[in-house]
Amino acid sequence: MWRVVLCTVAVALAMTAVPAEAKQHTVDTRHVHHSHAVRKHNVRRDVRQTPLRAAAPLTRPQPLPAPPPPAHVYLMRGFLNVFSLGIDDLGAKIQAAGIAAAVANHADADNFLNQITTRYQSGDRGPIILIGHSLGADAVIDMAQTLDRYDIPVALAILFDGTAPHAVPKNVAVAVNFTQEFEIGPGPGFSGTISNVNLRGQEGIDHFTIDKAPALQAQALDDVLRAASAQPGPQARRP
């Protein structure tokens with residue numbers, strides 16, 4: 001009889017304990033879910049509050065300066081083309097340096113003038129360089145004076161022993177005179193640079209060899225390269 005009573009009490013106690021454990025388990029599970037939700041909410045809030053870094057501004061490459069327009073060199077021989085073969089050599093060296101060069105007799109100066117004015121008026125504003133020997137040197141000044149009347153600038157004029165003194169017109173930026181006798185000077189309004197290189201008494205140099213002297217040709221070539229790469233200056237007046 002007592003065994004039946006004890007078994008009944010034990011079963012009743014067991015049935016009472018199970019709901020308590022289940023309830024406790026349910027409470028703990030809800031607590032876990034709630035804590036996880038709180039942490040997840042906090043993470044989202046932290047992410048939302050984190051300031052974004054501003055993107056670095058894009059830098060555009062600076063445009064390269066435009067190269068100067070190509071130069072044109074006009075070289076003139078002296079009497080009968082016989083005594084000015086150094087002019088041909090200098091013209092070949094200028095062409096080898098990548099600069100357009102044309103050689104002719106001083107009597108053909110008008111043809112050069114027509115080419116220059118046509119190119120200039122069509123928009124070709126590259127440096128104009130004039131070189132001549134003997135009567136060709138005289139023609140350089142005559143050409144420059146004609147171009148001055150058309151407001152066409154001359155970047156460089158090189159004379160190899162002209163046959164008379166000359167006044168350099170105002171449209172010439174630089175004038176170089178290799179001479180044994182006659183010097184050149186500034187004409188009205190001239191504001192450029194004049195160099196008279198007096199070679200009187202220089203051994204191995206006379207009127208017929210001055211255009212062929214290697215040192216003078218090297219200096220002339222340097223002057224041509226410098227003028228060809230220079231940007232137009234105050235002498236380069238526009239019509």
# chains A, B, ... in the order shown; residues from 1 in each chain; ligands from 1
>>> select_by_dssp(residues="range 117-153 of chain A", states="strand (DSSP E)", output="PyMOL selection string")
chain A and resi 128-133
>>> write_last_selection(atoms="N, CA and C atoms", output="PDB file, in the first residue's frame")
ATOM      1  N   ILE A 128      61.243  82.647 -90.007  1.00  0.00           N
ATOM      2  CA  ILE A 128      61.850  82.866 -91.323  1.00  0.00           C
ATOM      3  C   ILE A 128      63.317  83.209 -91.101  1.00  0.00           C
ATOM      4  N   ILE A 129      64.196  82.472 -91.775  1.00  0.00           N
ATOM      5  CA  ILE A 129      65.639  82.644 -91.608  1.00  0.00           C
ATOM      6  C   ILE A 129      66.263  82.866 -92.982  1.00  0.00           C
ATOM      7  N   LEU A 130      67.061  83.919 -93.104  1.00  0.00           N
ATOM      8  CA  LEU A 130      67.698  84.284 -94.362  1.00  0.00           C
ATOM      9  C   LEU A 130      69.217  84.217 -94.197  1.00  0.00           C
ATOM     10  N   ILE A 131      69.894  83.569 -95.147  1.00  0.00           N
ATOM     11  CA  ILE A 131      71.347  83.425 -95.104  1.00  0.00           C
ATOM     12  C   ILE A 131      71.896  83.690 -96.501  1.00  0.00           C
ATOM     13  N   GLY A 132      73.026  84.402 -96.588  1.00  0.00           N
ATOM     14  CA  GLY A 132      73.614  84.651 -97.893  1.00  0.00           C
ATOM     15  C   GLY A 132      75.091  84.946 -97.822  1.00  0.00           C
ATOM     16  N   HIS A 133      75.784  84.722 -98.943  1.00  0.00           N
ATOM     17  CA  HIS A 133      77.221  85.004 -99.067  1.00  0.00           C
ATOM     18  C   HIS A 133      77.458  86.005-100.188  1.00  0.00           C
TER      19      HIS A 133
END
>>> residues_around(residues="Phe182 in chain A", least_positions_apart="6", cutoff="9 Å", atoms="only C-alpha atoms", output="ChimeraX atom specification")
/A:161-166,198
>>> closest_atom_pairs(of="range 157-222 of chain A", to="range 56-80 of chain A", cutoff="10 Å", atoms="only C-alpha atoms", output="Markdown table")
| residue | atom | partner | partner_atom | distance |
| --- | --- | --- | --- | --- |
| A:Ala157 | CA | A:Val73 | CA | 9.7 |
| A:Ile158 | CA | A:Leu75 | CA | 9.3 |
| A:Leu159 | CA | A:Met76 | CA | 9.9 |
| A:Phe160 | CA | A:Gly78 | CA | 9.9 |
| A:Gly162 | CA | A:Gly78 | CA | 9.3 |
| A:Phe208 | CA | A:Gly78 | CA | 10.0 |
| A:Asp211 | CA | A:Arg77 | CA | 9.7 |
>>> write_last_selection(atoms="N, CA and C atoms", output="mmCIF file, in the first residue's frame")
data_model
loop_
_atom_site.group_PDB
_atom_site.id
_atom_site.type_symbol
_atom_site.label_atom_id
_atom_site.label_comp_id
_atom_site.auth_asym_id
_atom_site.auth_seq_id
_atom_site.Cartn_x
_atom_site.Cartn_y
_atom_site.Cartn_z
ATOM 1 N N ALA A 157 68.849 86.685 -89.616
ATOM 2 C CA ALA A 157 69.526 87.006 -90.871
ATOM 3 C C ALA A 157 71.022 86.806 -90.651
ATOM 4 N N ILE A 158 71.658 85.988 -91.507
ATOM 5 C CA ILE A 158 73.095 85.719 -91.405
ATOM 6 C C ILE A 158 73.758 86.144 -92.708
ATOM 7 N N LEU A 159 74.762 87.001 -92.582
ATOM 8 C CA LEU A 159 75.491 87.499 -93.741
ATOM 9 C C LEU A 159 76.932 86.993 -93.702
ATOM 10 N N PHE A 160 77.369 86.424 -94.807
ATOM 11 C CA PHE A 160 78.772 86.049 -94.967
ATOM 12 C C PHE A 160 79.423 87.056 -95.930
ATOM 13 N N GLY A 162 79.172 90.469 -96.938
ATOM 14 C CA GLY A 162 78.486 91.238 -97.970
ATOM 15 C C GLY A 162 79.402 92.253 -98.621
ATOM 16 N N PHE A 208 86.462 84.474 -100.451
ATOM 17 C CA PHE A 208 86.043 83.282 -101.192
ATOM 18 C C PHE A 208 85.999 82.022 -100.327
ATOM 19 N N ASP A 211 82.569 81.541 -96.316
ATOM 20 C CA ASP A 211 81.332 80.757 -96.186
ATOM 21 C C ASP A 211 81.606 79.271 -95.985
#
>>> closest_residue(among="A:Phe190, A:Ala220, A:Ser229, A:Asp148", to="Phe178 in chain A", atoms="only C-alpha atoms")
A:Ala220
>>> closest_residue(among="A:Ala144, A:Ala167, A:Thr179, A:Lys93", to="Ile210 in chain A", atoms="only C-alpha atoms")
A:Thr179
>>> closest_residue(among="A:Ala228, A:Leu135, A:Leu156, A:Leu113", to="Thr193 in chain A", atoms="only C-alpha atoms")
A:Leu156
>>> closest_residue(among="A:Thr209, A:Gln145, A:Asn196, A:Ser122", to="Leu85 in chain A", atoms="only C-alpha atoms")
A:Thr209
>>> closest_residue(among="A:Gln121, A:Asn171, A:Gln115, A:Ser134", to="Val82 in chain A", atoms="only C-alpha atoms")
A:Ser134
>>> residues_around(residues="Ile194 in chain A", least_positions_apart="2", cutoff="9 Å", atoms="only C-alpha atoms", output="JSON list (two decimals) with N, CA and C atoms, in the first residue's frame")
[["chain", "number", "residue", "atom", "x", "y", "z"],
["A", 168, "VAL", "N", 69.96, 97.23, -90.88],
["A", 168, "VAL", "CA", 69.04, 96.11, -90.66],
["A", 168, "VAL", "C", 67.65, 96.66, -90.35],
["A", 173, "ALA", "N", 64.75, 90.07, -86.01],
["A", 173, "ALA", "CA", 64.97, 89.87, -84.57],
["A", 173, "ALA", "C", 66.46, 89.75, -84.25],
["A", 174, "VAL", "N", 67.20, 88.96, -85.05],
["A", 174, "VAL", "CA", 68.63, 88.75, -84.81],
["A", 174, "VAL", "C", 69.35, 88.82, -86.15],
["A", 175, "ALA", "N", 70.46, 89.55, -86.19],
["A", 175, "ALA", "CA", 71.29, 89.63, -87.39],
["A", 175, "ALA", "C", 72.74, 89.33, -87.02],
["A", 176, "VAL", "N", 73.37, 88.44, -87.79],
["A", 176, "VAL", "CA", 74.77, 88.06, -87.57],
["A", 176, "VAL", "C", 75.53, 88.33, -88.86],
["A", 177, "ASN", "N", 76.66, 89.05, -88.73],
["A", 177, "ASN", "CA", 77.42, 89.46, -89.90],
["A", 177, "ASN", "C", 78.87, 88.97, -89.76],
["A", 184, "ILE", "N", 77.28, 95.93, -90.34],
["A", 184, "ILE", "CA", 75.87, 96.27, -90.45],
["A", 184, "ILE", "C", 75.44, 96.99, -89.17],
["A", 185, "GLY", "N", 74.41, 97.81, -89.28],
["A", 185, "GLY", "CA", 73.91, 98.56, -88.13],
["A", 185, "GLY", "C", 72.40, 98.57, -88.11],
["A", 186, "PRO", "N", 71.82, 99.12, -87.05],
["A", 186, "PRO", "CA", 70.35, 99.14, -86.93],
["A", 186, "PRO", "C", 69.73, 100.20, -87.83],
["A", 192, "GLY", "N", 66.17, 94.72, -82.29],
["A", 192, "GLY", "CA", 66.65, 93.35, -82.11],
["A", 192, "GLY", "C", 68.11, 93.32, -81.70],
["A", 196, "ASN", "N", 78.36, 91.80, -85.22],
["A", 196, "ASN", "CA", 79.35, 91.92, -86.28],
["A", 196, "ASN", "C", 80.59, 91.13, -85.86]]
